[in-house]
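Text of the file work_15.cif, holding mmCIF, N, CA and C atoms:
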```
data_entry
#
loop_
_atom_site.label_atom_id
_atom_site.label_comp_id
_atom_site.auth_asym_id
_atom_site.auth_seq_id
_atom_site.Cartn_x
_atom_site.Cartn_y
_atom_site.Cartn_z
N MET T 46 0.84 -1.19 0.00
CA MET T 46 0.00 0.00 0.00
C MET T 46 0.88 1.24 0.00
N ASN T 47 0.56 2.19 -0.84
CA ASN T 47 1.32 3.44 -0.91
C ASN T 47 0.99 4.33 0.28
N PRO T 48 1.97 5.10 0.77
CA PRO T 48 1.69 6.02 1.87
C PRO T 48 0.73 7.11 1.40
N PRO T 49 -0.03 7.68 2.32
CA PRO T 49 -0.96 8.74 1.93
C PRO T 49 -0.22 9.92 1.31
N GLY T 50 -0.82 10.53 0.31
CA GLY T 50 -0.21 11.67 -0.33
C GLY T 50 -0.49 12.95 0.42
N THR T 51 0.08 14.02 -0.08
CA THR T 51 -0.08 15.31 0.58
C THR T 51 -1.54 15.73 0.65
N GLN T 52 -2.34 15.41 -0.38
CA GLN T 52 -3.76 15.78 -0.35
C GLN T 52 -4.49 15.11 0.81
N ASN T 53 -4.14 13.86 1.10
CA ASN T 53 -4.75 13.16 2.22
C ASN T 53 -4.40 13.86 3.53
N TYR T 54 -3.12 14.20 3.72
CA TYR T 54 -2.71 14.89 4.94
C TYR T 54 -3.38 16.25 5.04
N LEU T 55 -3.48 16.96 3.94
CA LEU T 55 -4.11 18.28 3.96
C LEU T 55 -5.60 18.18 4.26
N ALA T 56 -6.26 17.17 3.72
CA ALA T 56 -7.69 16.97 4.01
C ALA T 56 -7.89 16.65 5.49
N ARG T 57 -7.01 15.84 6.05
CA ARG T 57 -7.12 15.50 7.47
C ARG T 57 -6.81 16.71 8.35
N ALA T 58 -5.89 17.55 7.92
CA ALA T 58 -5.59 18.77 8.67
C ALA T 58 -6.81 19.70 8.65
N ARG T 59 -7.42 19.84 7.50
CA ARG T 59 -8.60 20.70 7.36
C ARG T 59 -9.73 20.17 8.22
N GLU T 60 -9.93 18.86 8.23
CA GLU T 60 -10.97 18.24 9.06
C GLU T 60 -10.72 18.51 10.54
N ALA T 61 -9.46 18.45 10.95
CA ALA T 61 -9.13 18.70 12.36
C ALA T 61 -9.49 20.14 12.76
N ILE T 62 -9.32 21.08 11.84
CA ILE T 62 -9.66 22.47 12.13
C ILE T 62 -11.16 22.69 12.04
N ASP T 63 -11.76 22.29 10.93
CA ASP T 63 -13.17 22.59 10.69
C ASP T 63 -14.09 21.74 11.56
N GLY T 64 -13.76 20.47 11.73
CA GLY T 64 -14.64 19.56 12.45
C GLY T 64 -14.46 19.57 13.95
N ARG T 65 -13.20 19.71 14.39
CA ARG T 65 -12.94 19.59 15.83
C ARG T 65 -12.24 20.80 16.42
N PHE T 66 -11.90 21.77 15.60
CA PHE T 66 -11.16 22.97 16.03
C PHE T 66 -9.91 22.57 16.81
N ASN T 67 -9.18 21.57 16.26
CA ASN T 67 -8.01 21.03 16.94
C ASN T 67 -6.75 21.40 16.14
N ALA T 68 -6.13 22.50 16.53
CA ALA T 68 -4.95 22.99 15.81
C ALA T 68 -3.77 22.03 15.95
N ARG T 69 -3.63 21.40 17.09
CA ARG T 69 -2.51 20.47 17.32
C ARG T 69 -2.57 19.31 16.32
N ASP T 70 -3.74 18.71 16.16
CA ASP T 70 -3.89 17.62 15.18
C ASP T 70 -3.68 18.13 13.76
N ALA T 71 -4.22 19.30 13.47
CA ALA T 71 -4.07 19.87 12.13
C ALA T 71 -2.59 20.06 11.81
N LEU T 72 -1.83 20.55 12.75
CA LEU T 72 -0.40 20.79 12.51
C LEU T 72 0.38 19.48 12.42
N SER T 73 -0.09 18.45 13.08
CA SER T 73 0.55 17.13 12.95
C SER T 73 0.45 16.66 11.50
N PHE T 74 -0.73 16.78 10.92
CA PHE T 74 -0.91 16.40 9.51
C PHE T 74 -0.18 17.37 8.58
N ALA T 75 -0.19 18.65 8.93
CA ALA T 75 0.50 19.65 8.12
C ALA T 75 2.00 19.37 8.10
N ARG T 76 2.56 18.95 9.23
CA ARG T 76 3.99 18.63 9.29
C ARG T 76 4.34 17.52 8.29
N LYS T 77 3.51 16.49 8.25
CA LYS T 77 3.76 15.38 7.31
C LYS T 77 3.68 15.87 5.87
N SER T 78 2.71 16.72 5.60
CA SER T 78 2.58 17.27 4.25
C SER T 78 3.77 18.16 3.91
N LEU T 79 4.18 19.01 4.86
CA LEU T 79 5.31 19.90 4.61
C LEU T 79 6.60 19.11 4.39
N GLU T 80 6.79 18.04 5.14
CA GLU T 80 7.97 17.18 4.93
C GLU T 80 7.98 16.65 3.51
N MET T 81 6.84 16.13 3.06
CA MET T 81 6.76 15.57 1.72
C MET T 81 6.98 16.64 0.66
N LEU T 82 6.35 17.80 0.82
CA LEU T 82 6.47 18.86 -0.18
C LEU T 82 7.87 19.47 -0.22
N ALA T 83 8.50 19.61 0.94
CA ALA T 83 9.87 20.15 0.97
C ALA T 83 10.83 19.20 0.26
N HIS T 84 10.69 17.91 0.53
CA HIS T 84 11.57 16.94 -0.15
C HIS T 84 11.27 16.87 -1.64
N LYS T 85 10.01 17.00 -2.00
CA LYS T 85 9.62 17.03 -3.41
C LYS T 85 10.25 18.24 -4.11
N ALA T 86 10.18 19.40 -3.46
CA ALA T 86 10.77 20.61 -4.03
C ALA T 86 12.28 20.46 -4.15
N TRP T 87 12.91 19.85 -3.17
CA TRP T 87 14.36 19.66 -3.19
C TRP T 87 14.75 18.73 -4.35
N LYS T 88 14.02 17.64 -4.52
CA LYS T 88 14.29 16.72 -5.64
C LYS T 88 14.07 17.41 -6.98
N TRP T 89 13.05 18.24 -7.04
CA TRP T 89 12.76 18.99 -8.26
C TRP T 89 13.91 19.93 -8.59
N LEU T 90 14.40 20.66 -7.59
CA LEU T 90 15.54 21.54 -7.81
C LEU T 90 16.77 20.74 -8.25
N GLU T 91 17.00 19.62 -7.61
CA GLU T 91 18.14 18.77 -7.95
C GLU T 91 18.04 18.30 -9.41
N SER T 92 16.84 17.98 -9.86
CA SER T 92 16.68 17.52 -11.25
C SER T 92 17.00 18.63 -12.25
N HIS T 93 16.96 19.86 -11.79
CA HIS T 93 17.32 21.01 -12.64
C HIS T 93 18.72 21.53 -12.33
N ARG T 94 19.47 20.72 -11.62
CA ARG T 94 20.87 20.99 -11.27
C ARG T 94 21.06 22.24 -10.39
N VAL T 95 20.06 22.52 -9.55
CA VAL T 95 20.18 23.61 -8.57
C VAL T 95 19.76 23.13 -7.18
N GLY T 96 19.97 21.86 -6.90
CA GLY T 96 19.49 21.29 -5.65
C GLY T 96 20.52 21.19 -4.55
N ASN T 97 21.70 21.74 -4.75
CA ASN T 97 22.73 21.68 -3.71
C ASN T 97 22.45 22.76 -2.67
N ILE T 98 22.01 22.32 -1.47
CA ILE T 98 21.68 23.27 -0.41
C ILE T 98 22.46 22.93 0.85
N SER T 99 22.56 23.88 1.75
CA SER T 99 23.19 23.68 3.05
C SER T 99 22.13 23.80 4.12
N VAL T 100 22.07 22.78 4.99
CA VAL T 100 21.09 22.74 6.06
C VAL T 100 21.80 22.40 7.35
N GLN T 101 21.51 23.14 8.42
CA GLN T 101 22.08 22.81 9.71
C GLN T 101 21.34 21.63 10.32
N ILE T 102 22.10 20.74 10.94
CA ILE T 102 21.54 19.59 11.63
C ILE T 102 22.03 19.65 13.07
N GLU T 103 21.15 19.39 14.02
CA GLU T 103 21.47 19.56 15.43
C GLU T 103 22.46 18.54 15.98
N GLY T 104 22.67 17.43 15.30
CA GLY T 104 23.62 16.45 15.79
C GLY T 104 23.64 15.21 14.93
N PRO T 105 24.59 14.29 15.20
CA PRO T 105 24.70 13.06 14.43
C PRO T 105 23.41 12.25 14.48
N GLY T 106 23.02 11.75 13.34
CA GLY T 106 21.84 10.90 13.25
C GLY T 106 20.51 11.64 13.29
N LYS T 107 20.54 12.95 13.35
CA LYS T 107 19.30 13.73 13.41
C LYS T 107 18.96 14.27 12.03
N GLU T 108 17.67 14.49 11.84
CA GLU T 108 17.16 15.07 10.60
C GLU T 108 17.20 16.60 10.71
N PRO T 109 17.31 17.29 9.59
CA PRO T 109 17.22 18.76 9.67
C PRO T 109 15.80 19.18 10.06
N GLN T 110 15.69 20.26 10.80
CA GLN T 110 14.38 20.80 11.14
C GLN T 110 13.73 21.35 9.87
N LEU T 111 12.41 21.27 9.79
CA LEU T 111 11.71 21.75 8.61
C LEU T 111 11.91 23.25 8.38
N TYR T 112 12.00 24.02 9.45
CA TYR T 112 12.24 25.46 9.28
C TYR T 112 13.57 25.68 8.56
N GLY T 113 14.60 24.96 8.97
CA GLY T 113 15.91 25.09 8.33
C GLY T 113 15.89 24.64 6.89
N LEU T 114 15.17 23.55 6.61
CA LEU T 114 15.07 23.05 5.23
C LEU T 114 14.33 24.05 4.36
N CYS T 115 13.23 24.60 4.86
CA CYS T 115 12.49 25.60 4.08
C CYS T 115 13.32 26.85 3.84
N THR T 116 14.09 27.26 4.86
CA THR T 116 14.97 28.42 4.72
C THR T 116 16.03 28.17 3.66
N ALA T 117 16.61 26.98 3.66
CA ALA T 117 17.65 26.64 2.67
C ALA T 117 17.06 26.58 1.26
N LEU T 118 15.85 26.04 1.12
CA LEU T 118 15.21 26.00 -0.20
C LEU T 118 14.92 27.42 -0.69
N ARG T 119 14.44 28.27 0.21
CA ARG T 119 14.18 29.67 -0.18
C ARG T 119 15.47 30.35 -0.62
N ARG T 120 16.54 30.15 0.14
CA ARG T 120 17.83 30.77 -0.20
C ARG T 120 18.30 30.28 -1.57
N LYS T 121 18.16 28.99 -1.84
CA LYS T 121 18.58 28.44 -3.13
C LYS T 121 17.76 29.05 -4.27
N LEU T 122 16.46 29.17 -4.08
CA LEU T 122 15.62 29.76 -5.13
C LEU T 122 16.00 31.22 -5.38
N MET T 123 16.30 31.95 -4.32
CA MET T 123 16.68 33.36 -4.48
C MET T 123 18.05 33.50 -5.14
N ASP T 124 18.97 32.58 -4.84
CA ASP T 124 20.32 32.66 -5.39
C ASP T 124 20.43 32.11 -6.82
N ALA T 125 19.50 31.26 -7.21
CA ALA T 125 19.54 30.63 -8.54
C ALA T 125 18.93 31.58 -9.57
N ARG T 126 19.63 32.66 -9.84
CA ARG T 126 19.10 33.72 -10.71
C ARG T 126 18.89 33.28 -12.15
N THR T 127 19.68 32.33 -12.63
CA THR T 127 19.54 31.90 -14.02
C THR T 127 18.53 30.76 -14.17
N PHE T 128 18.06 30.21 -13.06
CA PHE T 128 17.07 29.14 -13.10
C PHE T 128 15.69 29.74 -13.35
N ALA T 129 15.08 29.36 -14.45
CA ALA T 129 13.76 29.87 -14.81
C ALA T 129 12.78 28.71 -14.91
N HIS T 130 11.66 28.84 -14.24
CA HIS T 130 10.61 27.83 -14.28
C HIS T 130 9.33 28.48 -13.77
N ASP T 131 8.20 28.08 -14.33
CA ASP T 131 6.92 28.67 -13.92
C ASP T 131 6.62 28.46 -12.43
N SER T 132 7.14 27.41 -11.84
CA SER T 132 6.86 27.12 -10.42
C SER T 132 7.82 27.83 -9.46
N LYS T 133 8.88 28.41 -9.99
CA LYS T 133 9.88 29.02 -9.11
C LYS T 133 9.30 30.17 -8.28
N ALA T 134 8.70 31.15 -8.93
CA ALA T 134 8.18 32.32 -8.21
C ALA T 134 7.08 31.95 -7.21
N PRO T 135 6.10 31.12 -7.58
CA PRO T 135 5.08 30.79 -6.58
C PRO T 135 5.63 29.95 -5.42
N LEU T 136 6.60 29.10 -5.69
CA LEU T 136 7.22 28.34 -4.60
C LEU T 136 7.95 29.28 -3.66
N LEU T 137 8.70 30.21 -4.21
CA LEU T 137 9.42 31.18 -3.39
C LEU T 137 8.45 32.04 -2.58
N GLU T 138 7.39 32.48 -3.21
CA GLU T 138 6.38 33.30 -2.51
C GLU T 138 5.77 32.54 -1.33
N ASN T 139 5.45 31.27 -1.54
CA ASN T 139 4.85 30.47 -0.48
C ASN T 139 5.85 30.15 0.63
N LEU T 140 7.10 29.93 0.27
CA LEU T 140 8.13 29.74 1.30
C LEU T 140 8.29 31.03 2.12
N ASN T 141 8.28 32.16 1.46
CA ASN T 141 8.36 33.44 2.18
C ASN T 141 7.18 33.59 3.15
N THR T 142 6.01 33.16 2.73
CA THR T 142 4.82 33.28 3.57
C THR T 142 4.93 32.40 4.81
N ILE T 143 5.27 31.13 4.62
CA ILE T 143 5.33 30.22 5.77
C ILE T 143 6.51 30.58 6.68
N LEU T 144 7.61 31.04 6.09
CA LEU T 144 8.75 31.45 6.91
C LEU T 144 8.52 32.80 7.57
N GLY T 145 7.45 33.49 7.20
CA GLY T 145 7.06 34.72 7.87
C GLY T 145 6.47 34.48 9.25
N ILE T 146 6.08 33.24 9.52
CA ILE T 146 5.65 32.87 10.87
C ILE T 146 6.92 32.76 11.71
N PRO T 147 7.00 33.47 12.82
CA PRO T 147 8.24 33.44 13.62
C PRO T 147 8.66 32.02 14.01
N GLU T 148 9.96 31.76 13.93
CA GLU T 148 10.47 30.42 14.20
C GLU T 148 10.18 29.97 15.63
N ASP T 149 10.10 30.89 16.57
CA ASP T 149 9.85 30.52 17.96
C ASP T 149 8.36 30.37 18.28
N ASN T 150 7.50 30.50 17.28
CA ASN T 150 6.07 30.33 17.45
C ASN T 150 5.75 28.86 17.67
N LEU T 151 4.72 28.56 18.46
CA LEU T 151 4.32 27.18 18.71
C LEU T 151 4.00 26.43 17.41
N VAL T 152 3.53 27.14 16.41
CA VAL T 152 3.24 26.51 15.12
C VAL T 152 4.51 25.84 14.57
N TRP T 153 5.64 26.58 14.56
CA TRP T 153 6.89 26.00 14.06
C TRP T 153 7.44 24.93 15.01
N THR T 154 7.20 25.08 16.30
CA THR T 154 7.63 24.05 17.24
C THR T 154 7.01 22.71 16.85
N LEU T 155 5.74 22.74 16.52
CA LEU T 155 5.06 21.50 16.13
C LEU T 155 5.42 21.06 14.72
N LEU T 156 5.61 22.00 13.80
CA LEU T 156 6.01 21.61 12.44
C LEU T 156 7.42 21.01 12.45
N ASN T 157 8.28 21.51 13.29
CA ASN T 157 9.65 21.01 13.35
C ASN T 157 9.76 19.66 14.06
N LYS T 158 9.09 19.51 15.17
CA LYS T 158 9.34 18.36 16.03
C LYS T 158 8.17 17.40 16.14
N GLY T 159 6.99 17.82 15.80
CA GLY T 159 5.84 16.95 15.92
C GLY T 159 5.00 17.28 17.14
N THR T 160 3.85 16.64 17.22
CA THR T 160 2.87 16.99 18.24
C THR T 160 3.19 16.46 19.62
N HIS T 161 4.22 15.65 19.77
CA HIS T 161 4.56 15.15 21.10
C HIS T 161 5.27 16.21 21.94
N GLU T 162 5.66 17.31 21.32
CA GLU T 162 6.35 18.37 22.04
C GLU T 162 5.35 19.37 22.63
N GLU T 163 5.75 20.06 23.68
CA GLU T 163 4.99 21.14 24.28
C GLU T 163 3.55 20.72 24.60
N PRO T 164 3.34 19.63 25.34
CA PRO T 164 1.97 19.13 25.54
C PRO T 164 1.04 20.07 26.30
N ASN T 165 1.56 20.95 27.12
CA ASN T 165 0.70 21.81 27.92
C ASN T 165 0.48 23.19 27.31
N ARG T 166 1.02 23.42 26.13
CA ARG T 166 0.85 24.72 25.48
C ARG T 166 -0.19 24.61 24.38
N ASP T 167 -1.16 25.46 24.43
CA ASP T 167 -2.18 25.50 23.39
C ASP T 167 -2.44 26.92 22.92
N ASP T 168 -1.41 27.76 22.96
CA ASP T 168 -1.57 29.16 22.58
C ASP T 168 -1.33 29.34 21.08
N PHE T 169 -2.17 28.68 20.29
CA PHE T 169 -2.04 28.74 18.84
C PHE T 169 -2.67 30.01 18.30
N ASP T 170 -1.99 30.62 17.37
CA ASP T 170 -2.57 31.71 16.60
C ASP T 170 -3.21 31.03 15.39
N MET T 171 -4.53 30.98 15.39
CA MET T 171 -5.23 30.25 14.33
C MET T 171 -4.97 30.85 12.96
N ALA T 172 -4.64 32.13 12.90
CA ALA T 172 -4.29 32.74 11.60
C ALA T 172 -3.02 32.08 11.05
N HIS T 173 -2.06 31.79 11.93
CA HIS T 173 -0.84 31.11 11.48
C HIS T 173 -1.15 29.69 11.01
N VAL T 174 -2.02 29.00 11.72
CA VAL T 174 -2.39 27.64 11.31
C VAL T 174 -3.04 27.67 9.94
N GLU T 175 -3.95 28.63 9.72
CA GLU T 175 -4.60 28.77 8.42
C GLU T 175 -3.58 29.14 7.34
N THR T 176 -2.59 29.95 7.68
CA THR T 176 -1.53 30.30 6.73
C THR T 176 -0.77 29.06 6.30
N VAL T 177 -0.43 28.21 7.25
CA VAL T 177 0.29 26.97 6.95
C VAL T 177 -0.53 26.12 5.98
N LEU T 178 -1.81 25.94 6.26
CA LEU T 178 -2.64 25.10 5.40
C LEU T 178 -2.79 25.71 4.00
N ALA T 179 -2.92 27.03 3.92
CA ALA T 179 -3.03 27.68 2.61
C ALA T 179 -1.74 27.51 1.82
N VAL T 180 -0.59 27.69 2.46
CA VAL T 180 0.70 27.52 1.78
C VAL T 180 0.84 26.09 1.27
N LEU T 181 0.50 25.13 2.10
CA LEU T 181 0.64 23.73 1.68
C LEU T 181 -0.26 23.41 0.51
N ASN T 182 -1.48 23.93 0.51
CA ASN T 182 -2.37 23.74 -0.63
C ASN T 182 -1.80 24.39 -1.89
N ASN T 183 -1.25 25.59 -1.74
CA ASN T 183 -0.67 26.30 -2.89
C ASN T 183 0.52 25.54 -3.48
N VAL T 184 1.39 25.05 -2.62
CA VAL T 184 2.59 24.34 -3.09
C VAL T 184 2.23 22.98 -3.68
N ASP T 185 1.22 22.35 -3.11
CA ASP T 185 0.82 21.02 -3.58
C ASP T 185 0.39 21.02 -5.05
N VAL T 186 -0.13 22.12 -5.54
CA VAL T 186 -0.61 22.16 -6.93
C VAL T 186 0.47 22.61 -7.92
N LEU T 187 1.65 22.99 -7.42
CA LEU T 187 2.73 23.41 -8.32
C LEU T 187 3.32 22.21 -9.06
N GLU T 188 3.85 22.46 -10.24
CA GLU T 188 4.55 21.43 -11.01
C GLU T 188 5.95 21.29 -10.44
N LEU T 189 6.13 20.30 -9.59
CA LEU T 189 7.43 20.07 -8.96
C LEU T 189 7.93 18.64 -9.19
N ARG T 190 7.50 18.06 -10.30
CA ARG T 190 8.01 16.73 -10.62
C ARG T 190 9.41 16.87 -11.22
N PRO T 191 10.31 15.97 -10.88
CA PRO T 191 11.66 16.04 -11.43
C PRO T 191 11.67 16.13 -12.96
N ASN T 192 12.58 16.94 -13.46
CA ASN T 192 12.82 17.12 -14.89
C ASN T 192 11.64 17.76 -15.63
N ARG T 193 10.74 18.36 -14.92
CA ARG T 193 9.62 19.05 -15.58
C ARG T 193 9.73 20.53 -15.36
#
```

What's the structure tokens form of this structure?
Amino acid sequence: MNPPGTQNYLARAREAIDGRFNARDALSFARKSLEMLAHKAWKWLESHRVGNISVQIEGPGKEPQLYGLCTALRRKLMDARTFAHDSKAPLLENLNTILGIPEDNLVWTLLNKGTHEEPNRDDFDMAHVETVLAVLNNVDVLELRPNR
């Protein structure tokens, strides 16, 4: 069985917000979608020979935080001045939007580490949660298949 795609995660995130008003669950699904979309964008850039990025990792055996990966992808898109593609500008715009949410915000805490962190904090800015979902929907429809 194939793993659920980004649309499935986005639909479940939307259901968590609309049906149960549960931002924590919504961000859990959003994190999975963002992971998939960030890696998809990275592979897409690599297929166009502009995928070499630098990402800080907190230690051996650890994965890069999503905030750092999104920042590195944004930097690469801004620096790749000769790279032209219809998806470049909208991807950059959406990365700018999601990275406009402060890194120390609870939204990024959950996007970076998952819902098991900060169990007693529920001070979500719902506008930020909606921004995350809108960005993910916007990026999901971009043409980011390798070599396209």

task: Tell me which residues the PyMOL selection byres ((chain T and resi 130-135) around 7) grabs here, as a list in words.
output: Phe128, Ala129, Leu136, Leu137, Glu138, Asn139, Leu140, Val184, Leu187, Glu188 and Leu189 of chain T

task: May I have the residues at most 9 Å from (-2.2, 18.5, 16.1) in the file's coordinates, counting only C-alpha atoms, as a list of chain:residue names?
output: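 Residues satisfying the cut-off, written out: T:Ala58, T:Ala61, T:Asn67, T:Ala68, T:Arg69, T:Asp70, T:Ala71, T:Leu72, T:Ser73, T:Phe74, T:Ala75, T:Leu155, T:Gly159, T:Thr160.
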
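The two atoms in question, CA of Ser99 in chain T and CA of Ala117 in chain T, are spaced 6.3 Å apart.
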
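Between CA of Asn97 in chain T and CA of Asp124 in chain T lies a distance of 11.4 Å.
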
For the point (6.1, 19.0, -1.9) in file coordinates, what residues are within 12 Å, counting only C-alpha atoms? Give the answer as an mmCIF file with N, CA and C atoms, keeping the file's coordinate frame?
```cif
data_model
loop_
_atom_site.group_PDB
_atom_site.id
_atom_site.type_symbol
_atom_site.label_atom_id
_atom_site.label_comp_id
_atom_site.auth_asym_id
_atom_site.auth_seq_id
_atom_site.Cartn_x
_atom_site.Cartn_y
_atom_site.Cartn_z
ATOM 1 N N GLY T 50 -0.820 10.530 0.310
ATOM 2 C CA GLY T 50 -0.210 11.670 -0.330
ATOM 3 C C GLY T 50 -0.490 12.950 0.420
ATOM 4 N N THR T 51 0.080 14.020 -0.080
ATOM 5 C CA THR T 51 -0.080 15.310 0.580
ATOM 6 C C THR T 51 -1.540 15.730 0.650
ATOM 7 N N GLN T 52 -2.340 15.410 -0.380
ATOM 8 C CA GLN T 52 -3.760 15.780 -0.350
ATOM 9 C C GLN T 52 -4.490 15.110 0.810
ATOM 10 N N TYR T 54 -3.120 14.200 3.720
ATOM 11 C CA TYR T 54 -2.710 14.890 4.940
ATOM 12 C C TYR T 54 -3.380 16.250 5.040
ATOM 13 N N LEU T 55 -3.480 16.960 3.940
ATOM 14 C CA LEU T 55 -4.110 18.280 3.960
ATOM 15 C C LEU T 55 -5.600 18.180 4.260
ATOM 16 N N ALA T 75 -0.190 18.650 8.930
ATOM 17 C CA ALA T 75 0.500 19.650 8.120
ATOM 18 C C ALA T 75 2.000 19.370 8.100
ATOM 19 N N ARG T 76 2.560 18.950 9.230
ATOM 20 C CA ARG T 76 3.990 18.630 9.290
ATOM 21 C C ARG T 76 4.340 17.520 8.290
ATOM 22 N N LYS T 77 3.510 16.490 8.250
ATOM 23 C CA LYS T 77 3.760 15.380 7.310
ATOM 24 C C LYS T 77 3.680 15.870 5.870
ATOM 25 N N SER T 78 2.710 16.720 5.600
ATOM 26 C CA SER T 78 2.580 17.270 4.250
ATOM 27 C C SER T 78 3.770 18.160 3.910
ATOM 28 N N LEU T 79 4.180 19.010 4.860
ATOM 29 C CA LEU T 79 5.310 19.900 4.610
ATOM 30 C C LEU T 79 6.600 19.110 4.390
ATOM 31 N N GLU T 80 6.790 18.040 5.140
ATOM 32 C CA GLU T 80 7.970 17.180 4.930
ATOM 33 C C GLU T 80 7.980 16.650 3.510
ATOM 34 N N MET T 81 6.840 16.130 3.060
ATOM 35 C CA MET T 81 6.760 15.570 1.720
ATOM 36 C C MET T 81 6.980 16.640 0.660
ATOM 37 N N LEU T 82 6.350 17.800 0.820
ATOM 38 C CA LEU T 82 6.470 18.860 -0.180
ATOM 39 C C LEU T 82 7.870 19.470 -0.220
ATOM 40 N N ALA T 83 8.500 19.610 0.940
ATOM 41 C CA ALA T 83 9.870 20.150 0.970
ATOM 42 C C ALA T 83 10.830 19.200 0.260
ATOM 43 N N HIS T 84 10.690 17.910 0.530
ATOM 44 C CA HIS T 84 11.570 16.940 -0.150
ATOM 45 C C HIS T 84 11.270 16.870 -1.640
ATOM 46 N N LYS T 85 10.010 17.000 -2.000
ATOM 47 C CA LYS T 85 9.620 17.030 -3.410
ATOM 48 C C LYS T 85 10.250 18.240 -4.110
ATOM 49 N N ALA T 86 10.180 19.400 -3.460
ATOM 50 C CA ALA T 86 10.770 20.610 -4.030
ATOM 51 C C ALA T 86 12.280 20.460 -4.150
ATOM 52 N N TRP T 87 12.910 19.850 -3.170
ATOM 53 C CA TRP T 87 14.360 19.660 -3.190
ATOM 54 C C TRP T 87 14.750 18.730 -4.350
ATOM 55 N N LYS T 88 14.020 17.640 -4.520
ATOM 56 C CA LYS T 88 14.290 16.720 -5.640
ATOM 57 C C LYS T 88 14.070 17.410 -6.980
ATOM 58 N N TRP T 89 13.050 18.240 -7.040
ATOM 59 C CA TRP T 89 12.760 18.990 -8.260
ATOM 60 C C TRP T 89 13.910 19.930 -8.590
ATOM 61 N N LEU T 90 14.400 20.660 -7.590
ATOM 62 C CA LEU T 90 15.540 21.540 -7.810
ATOM 63 C C LEU T 90 16.770 20.740 -8.250
ATOM 64 N N CYS T 115 13.230 24.600 4.860
ATOM 65 C CA CYS T 115 12.490 25.600 4.080
ATOM 66 C C CYS T 115 13.320 26.850 3.840
ATOM 67 N N LEU T 118 15.850 26.040 1.120
ATOM 68 C CA LEU T 118 15.210 26.000 -0.200
ATOM 69 C C LEU T 118 14.920 27.420 -0.690
ATOM 70 N N SER T 132 7.140 27.410 -11.840
ATOM 71 C CA SER T 132 6.860 27.120 -10.420
ATOM 72 C C SER T 132 7.820 27.830 -9.460
ATOM 73 N N LEU T 136 6.600 29.100 -5.690
ATOM 74 C CA LEU T 136 7.220 28.340 -4.600
ATOM 75 C C LEU T 136 7.950 29.280 -3.660
ATOM 76 N N ASN T 139 5.450 31.270 -1.540
ATOM 77 C CA ASN T 139 4.850 30.470 -0.480
ATOM 78 C C ASN T 139 5.850 30.150 0.630
ATOM 79 N N LEU T 140 7.100 29.930 0.270
ATOM 80 C CA LEU T 140 8.130 29.740 1.300
ATOM 81 C C LEU T 140 8.290 31.030 2.120
ATOM 82 N N VAL T 180 -0.590 27.690 2.460
ATOM 83 C CA VAL T 180 0.700 27.520 1.780
ATOM 84 C C VAL T 180 0.840 26.090 1.270
ATOM 85 N N LEU T 181 0.500 25.130 2.100
ATOM 86 C CA LEU T 181 0.640 23.730 1.680
ATOM 87 C C LEU T 181 -0.260 23.410 0.510
ATOM 88 N N ASN T 182 -1.480 23.930 0.510
ATOM 89 C CA ASN T 182 -2.370 23.740 -0.630
ATOM 90 C C ASN T 182 -1.800 24.390 -1.890
ATOM 91 N N ASN T 183 -1.250 25.590 -1.740
ATOM 92 C CA ASN T 183 -0.670 26.300 -2.890
ATOM 93 C C ASN T 183 0.520 25.540 -3.480
ATOM 94 N N VAL T 184 1.390 25.050 -2.620
ATOM 95 C CA VAL T 184 2.590 24.340 -3.090
ATOM 96 C C VAL T 184 2.230 22.980 -3.680
ATOM 97 N N ASP T 185 1.220 22.350 -3.110
ATOM 98 C CA ASP T 185 0.820 21.020 -3.580
ATOM 99 C C ASP T 185 0.390 21.020 -5.050
ATOM 100 N N VAL T 186 -0.130 22.120 -5.540
ATOM 101 C CA VAL T 186 -0.610 22.160 -6.930
ATOM 102 C C VAL T 186 0.470 22.610 -7.920
ATOM 103 N N LEU T 187 1.650 22.990 -7.420
ATOM 104 C CA LEU T 187 2.730 23.410 -8.320
ATOM 105 C C LEU T 187 3.320 22.210 -9.060
ATOM 106 N N GLU T 188 3.850 22.460 -10.240
ATOM 107 C CA GLU T 188 4.550 21.430 -11.010
ATOM 108 C C GLU T 188 5.950 21.290 -10.440
ATOM 109 N N LEU T 189 6.130 20.300 -9.590
ATOM 110 C CA LEU T 189 7.430 20.070 -8.960
ATOM 111 C C LEU T 189 7.930 18.640 -9.190
ATOM 112 N N ARG T 190 7.500 18.060 -10.300
ATOM 113 C CA ARG T 190 8.010 16.730 -10.620
ATOM 114 C C ARG T 190 9.410 16.870 -11.220
ATOM 115 N N PRO T 191 10.310 15.970 -10.880
ATOM 116 C CA PRO T 191 11.660 16.040 -11.430
ATOM 117 C C PRO T 191 11.670 16.130 -12.960
#
```

- request: Per DSSP on the backbone, filter chain T down to the residues in alpha helix (DSSP H) and report them as an NGL selection string.
  value: :T and (51-65 or 68-92 or 111-124 or 133-144 or 151-158 or 171-185)

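Separating atom C of Asp168 in chain T from atom N of Leu114 in chain T is a distance of 22.7 Å.
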
query: Nearest to Asn150 in chain T among T:Thr127, T:Val100, T:Val174, T:Asn53, with distances taken over only C-alpha atoms: which residue is it?
result: T:Val174

field: Top pick for closest residue to Gln110 in chain T, considering T:Phe169, T:Leu156, T:Ala56, T:Arg126 and counting all atoms listed in the file
entry: T:Leu156

field: Option closest in space to Thr116 in chain T, from T:Phe66, T:Glu175, T:Trp153, T:Leu144 [counting all atoms listed in the file]
entry: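 That would be T:Leu144, the residue with the smallest distance to Thr116 in chain T.
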